[in-house]
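*Asks:* Structure below; questions to follow.
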Amino acid sequence: MHIGQTDTASVKCLINSISRFIHLVSCQMVKPMPFQKICNNMVGVLKRLKPVLDDIMDYKIPLHENLCKVCEELDIRVNEARDFIEKWGSKMSKIHSVLQSGTLLIKLQSTSLDICHMIVKSLQSPPSASVLANLQHYIQELQCLKKETAMIYIEKALRNQRDNIEPCNENLREIIELLKLTSTQELLKETIAVEKERLNAEGHKMIGDLEEINEIVNLVRNLRDYVMKTECFAVKSGVSFPPYFRCPLSLELMVDPVIVASGQTYERQSIQKWLDNGMTVCPKTRQRLTHTNLVPNYTVKAMVATWCEENNTNHASNTKYNNSSHKTVPSDHLLSQELPSGNSISRSCLQTGNAFEERKDDSSFRSNGECNGCQNVEIEKWELQSIHSRSESFSSSISSSDCLLAVSKDVSRMSDKHQNMKGSSVDAGGMENRKNNNSNTTNSHSRVDSHNVSNSGFNELTTSSHVNKLIEDLQSQSIEVKTTAAEELRLLTRHNTENRIIVGKCGAVTPLLSLLYSDGKVTQEHAVTTLLNLSINEDNKALIMEAGATEPLIHVLKTGNDGAKENSAAALFSLSVMENSKAEIGRSGAVKALVELLASGALRGKKDAATALYSLSIFHDNKARIVQAGAVKFLVRLIDPADGMVDKAVALLSNLSTIAEGRLEIAREGGIPSLVEIVESGSQRGKENAACILLQLCLHSSRFCTLVLQEGAVPPLVALSQSGTPRAKEKAQQLLSHFRNQREGATVKGKS
């Protein structure tokens, strides 16, 4: 078949499209690599095809009958590529751009090869040897054209995600380097860009695109996690700052931390940029944000300021991103209530509200020790005294279920190492020697665990077969066999991380939960303590919650001995680290049982109950449940210095004071005089938190403001505004300013 007029038109149209495309790319600004390289390859493919098409036109070569259709198809591809490049902008996702442009290049390459093969078949007697030579050379070049390296790595990473394969660090590193995502700002831009494209695809119901973009969203999250694990971040002084002070979005030091509707804390500038771009979900949890209000997280801000002060660096200075082989703790980072100071790491710094993602052993809840020269390297569930050495209020101090992960893992590892070196064996049901970090009060008490001595062998790695035998024993008809098995599992999971994983995977959770209903109090205590130990592991947390742990743990809170009740509260605290668990546990009736423990438990039980209640209160709806269960009355009573829980009680009250019901109950239960007294004579952190509560009361009620003034709050507030912590000074000044405004308003009103 010879070329007719219609055939000539289709080839001419393709030649014109190719010319326009080449001109477009040559006129546009240089784009970032590897996107620019892909565009150049597109031009290369089409620029080499054009002389071949010109030869067809010049020599009127007889063509295969389907060639015109393929030319029309390639014309469509060229126009698609042109439209994509015209619409491309620097704010678009680099990953998505590489995938889209790479796919277009492959289509151009494939269709061009089809055209060449069809022309070869049509060449019966070449009019010119140069035509065939050009054609063969072009086919060879097309066949040698390889897929862009960045696209290969991206596609591999996406395949791994679909197959639930753990992300390959080398693969992630290559993507970061090839796409120039090596700075925190570039990662932030990519995160925002992908999210905007996801919203666009969702709005236009582009199902296919949406699936791919959702995969890219997960890939970007993996890239960020990789950076969190492997890169060293430093301030201008060169000092590496703790990973739990990084903004989850910008990955930089949080200078002005704020809390969003999901409860997560971010650096104001980065989350504001996120919101300004029209995002309506939390970057970390993917929860839909019910509002866009940004609440200052004064606690974290104070902690960062203190750390900067201790490390002689300017709090307000910009952070710098420093590539290093130094490893930091994995992502899910985040906020600890207190920064380790000097050589001492307080237990309290590890726990506030959201608790640990991982406790290396349940002795973390109970024991003191020395670790590599560190004093008190342990995790008590809630030593608020030192926690609030950095806090304004508990509610603003913790932002996410992962807030304490980074510190808790570090300290837990240190605790493990120390315990293994010492051969000690203290767990959540074991020896206690708690030191109150209050400069005025030292409060310690001990409870000897009969398993303390000569149990260092239980730190060794167990086997699945041995664990399976113990699980069988848990289901024995003999109470003694059950108790012995639960006791051994408790010991096996006390310190050894691998043992916790093995025991969890072997299916011990369900039979252990059954033992929580045991009439044998010792059996019950061993079982609940083992579950507490297991809950240190993140995967085990999910297993325990899925097995329906909440009701059995509440049963222990109501019926167990003191040790079992304490460890049940501690277990609820550990499980509530998971965001979804906070709501589930809050709805279950656990709040009431925890408040009862707060009211009538031993001192350790009160602390454990307060810990769990605080963690639950991170979920906003639980605050009202805690207030309605009567917690405020008992917290106000615990403000008495004789109980040794002043700072703890004030800290939790500061959280509850953020809702109207909480403020009303604080005033109704007579809390205002005690709070004013703390401002006058409490610890530095107690003063700070008390000032925060008083500010909440006064800002929301003129009646409460009058009551605060009647208690003589002005002189101690004036003193606090001059000599308190930075956060306390700020709150005291705000209160005094509010009093002045109230007085001036009243004066103006009286004159009128």
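Naming scheme: A, B, ... for chains in displayed order of the structure tokens; residues 1 onward per chain; ligands 1 onward as shown.
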Ile666 (chain A): which residues within 12 Å, counting only C-alpha atoms, same-chain residues fewer than 6 positions away excluded, as a PyMOL selection string?

*Replies:* chain A and resi 627+630-637+639+649-650+652-660+672-675+690+693-694+696-697+704

*Asks:* Near region 585-601 of chain A, counting only C-alpha atoms, which residues have an atom at most 9 Å away, once you skip same-chain residues fewer than 6 positions from it, shown as JSON, numbers by chain?

*Replies:* {"A": [550, 551, 553, 554, 555, 557, 558, 562, 565, 566, 569, 572, 575, 576, 607, 608, 609, 610, 612, 613, 616, 617, 619, 621, 622, 625, 626, 628, 629, 630, 631, 633, 634, 635]}

*Asks:* Smallest atom-to-atom distance to Ile56 (chain A): which of A:Thr191, A:Ser535, A:Asn134, A:Thr285, using only C-alpha atoms?

*Replies:*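 Looking at the shortest contact to Ile56 (chain A), the residue is A:Asn134.
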
*Asks:* As an MDAnalysis selection string, please: every residue in region 70-315 of chain A that DSSP puts in strand (DSSP E).

*Replies:* chainID A and resid 232:234 257:259 265:267 295:296

*Asks:* At a cut-off of 9 Å, using only C-alpha atoms, what residues contact Ser514 (chain A)? Leave out same-chain residues fewer than 4 positions from it and give the result as a list in words.

*Replies:*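 The contact residues come out as Gln475, Val509, Thr510, Ser518, Ala527 and Pro552 of chain A.
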
*Asks:* Between A:Leu104, A:Arg727, A:Arg663, A:Ala564, single out the one closest to Ala305 (chain A), counting only C-alpha atoms.

*Replies:* A:Arg727

*Asks:* Could the residues of region 607-689 of chain A that have an atom at most 12 Å from region 731-745 of chain A be listed as a tab-separated table, each with its closest atom pair and the distance in Å to one decimal, counting only C-alpha atoms and ordered by chain and ascending residue number?

*Replies:*
```
residue	atom	partner	partner_atom	distance
A:Val676	CA	A:Ala732	CA	11.5
A:Val679	CA	A:Ala732	CA	9.3
A:Glu680	CA	A:Ala732	CA	11.6
A:Lys687	CA	A:Ala732	CA	9.5
A:Glu688	CA	A:Lys731	CA	7.6
A:Asn689	CA	A:Lys731	CA	9.1
```

*Asks:* Show which residues sit within 7 Å of region 96-103 of chain A, as a tab-separated table (two decimals) with all heavy atoms, in the first residue's frame. Count only C-alpha atoms, and ignore same-chain residues fewer than 4 positions away.

*Replies:*
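That gives us around_20.tsv:
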```tsv
chain	number	residue	atom	x	y	z
A	35	PHE	N	13.97	14.50	36.67
A	35	PHE	CA	12.86	14.83	35.78
A	35	PHE	C	13.38	15.46	34.48
A	35	PHE	O	12.92	15.15	33.38
A	35	PHE	CB	11.89	15.77	36.50
A	35	PHE	CG	10.69	16.17	35.70
A	35	PHE	CD1	9.91	15.21	35.07
A	35	PHE	CD2	10.35	17.50	35.55
A	35	PHE	CE1	8.80	15.58	34.31
A	35	PHE	CE2	9.24	17.87	34.80
A	35	PHE	CZ	8.47	16.91	34.19
A	38	ILE	N	14.70	12.84	32.17
A	38	ILE	CA	13.64	12.10	31.47
A	38	ILE	C	13.10	12.94	30.32
A	38	ILE	O	12.86	12.42	29.21
A	38	ILE	CB	12.51	11.73	32.46
A	38	ILE	CG1	13.03	10.72	33.49
A	38	ILE	CG2	11.32	11.13	31.72
A	38	ILE	CD1	12.04	10.39	34.60
A	107	LYS	N	6.28	4.85	26.98
A	107	LYS	CA	5.27	4.76	25.92
A	107	LYS	C	5.80	5.33	24.60
A	107	LYS	O	5.57	4.77	23.52
A	107	LYS	CB	4.00	5.51	26.34
A	107	LYS	CG	3.23	4.83	27.45
A	107	LYS	CD	2.01	5.66	27.86
A	107	LYS	CE	1.21	4.97	28.95
A	107	LYS	NZ	0.05	5.78	29.40
A	148	GLU	N	14.91	5.19	33.66
A	148	GLU	CA	15.59	6.09	34.59
A	148	GLU	C	15.82	5.40	35.93
A	148	GLU	O	14.94	4.74	36.48
A	148	GLU	CB	14.77	7.37	34.78
A	148	GLU	CG	15.30	8.31	35.85
A	148	GLU	CD	16.74	8.73	35.60
A	148	GLU	OE1	17.11	8.93	34.43
A	148	GLU	OE2	17.48	8.83	36.59
A	151	MET	N	13.42	6.00	38.77
A	151	MET	CA	12.14	5.32	38.57
A	151	MET	C	12.23	3.85	38.98
A	151	MET	O	11.29	3.29	39.56
A	151	MET	CB	11.72	5.44	37.11
A	151	MET	CG	10.31	4.93	36.82
A	151	MET	SD	9.84	5.26	35.11
A	151	MET	CE	8.17	4.57	35.12
```

*Asks:* To one decimal in Å, tell me the separation between CA of Val220 (chain A) and CA of Gly278 (chain A).

*Replies:*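 Straight-line distance from CA of Val220 (chain A) to CA of Gly278 (chain A) works out to 18.7 Å.
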
*Asks:* Give me every helix (DSSP H, G or I) residue in region 626-739 of chain A, going by DSSP on the backbone, as number ranges by chain.

*Replies:* A: 626-628, 631-637, 641-643, 646-656, 660-668, 671-681, 684-700, 702-710, 714-723, 726-739
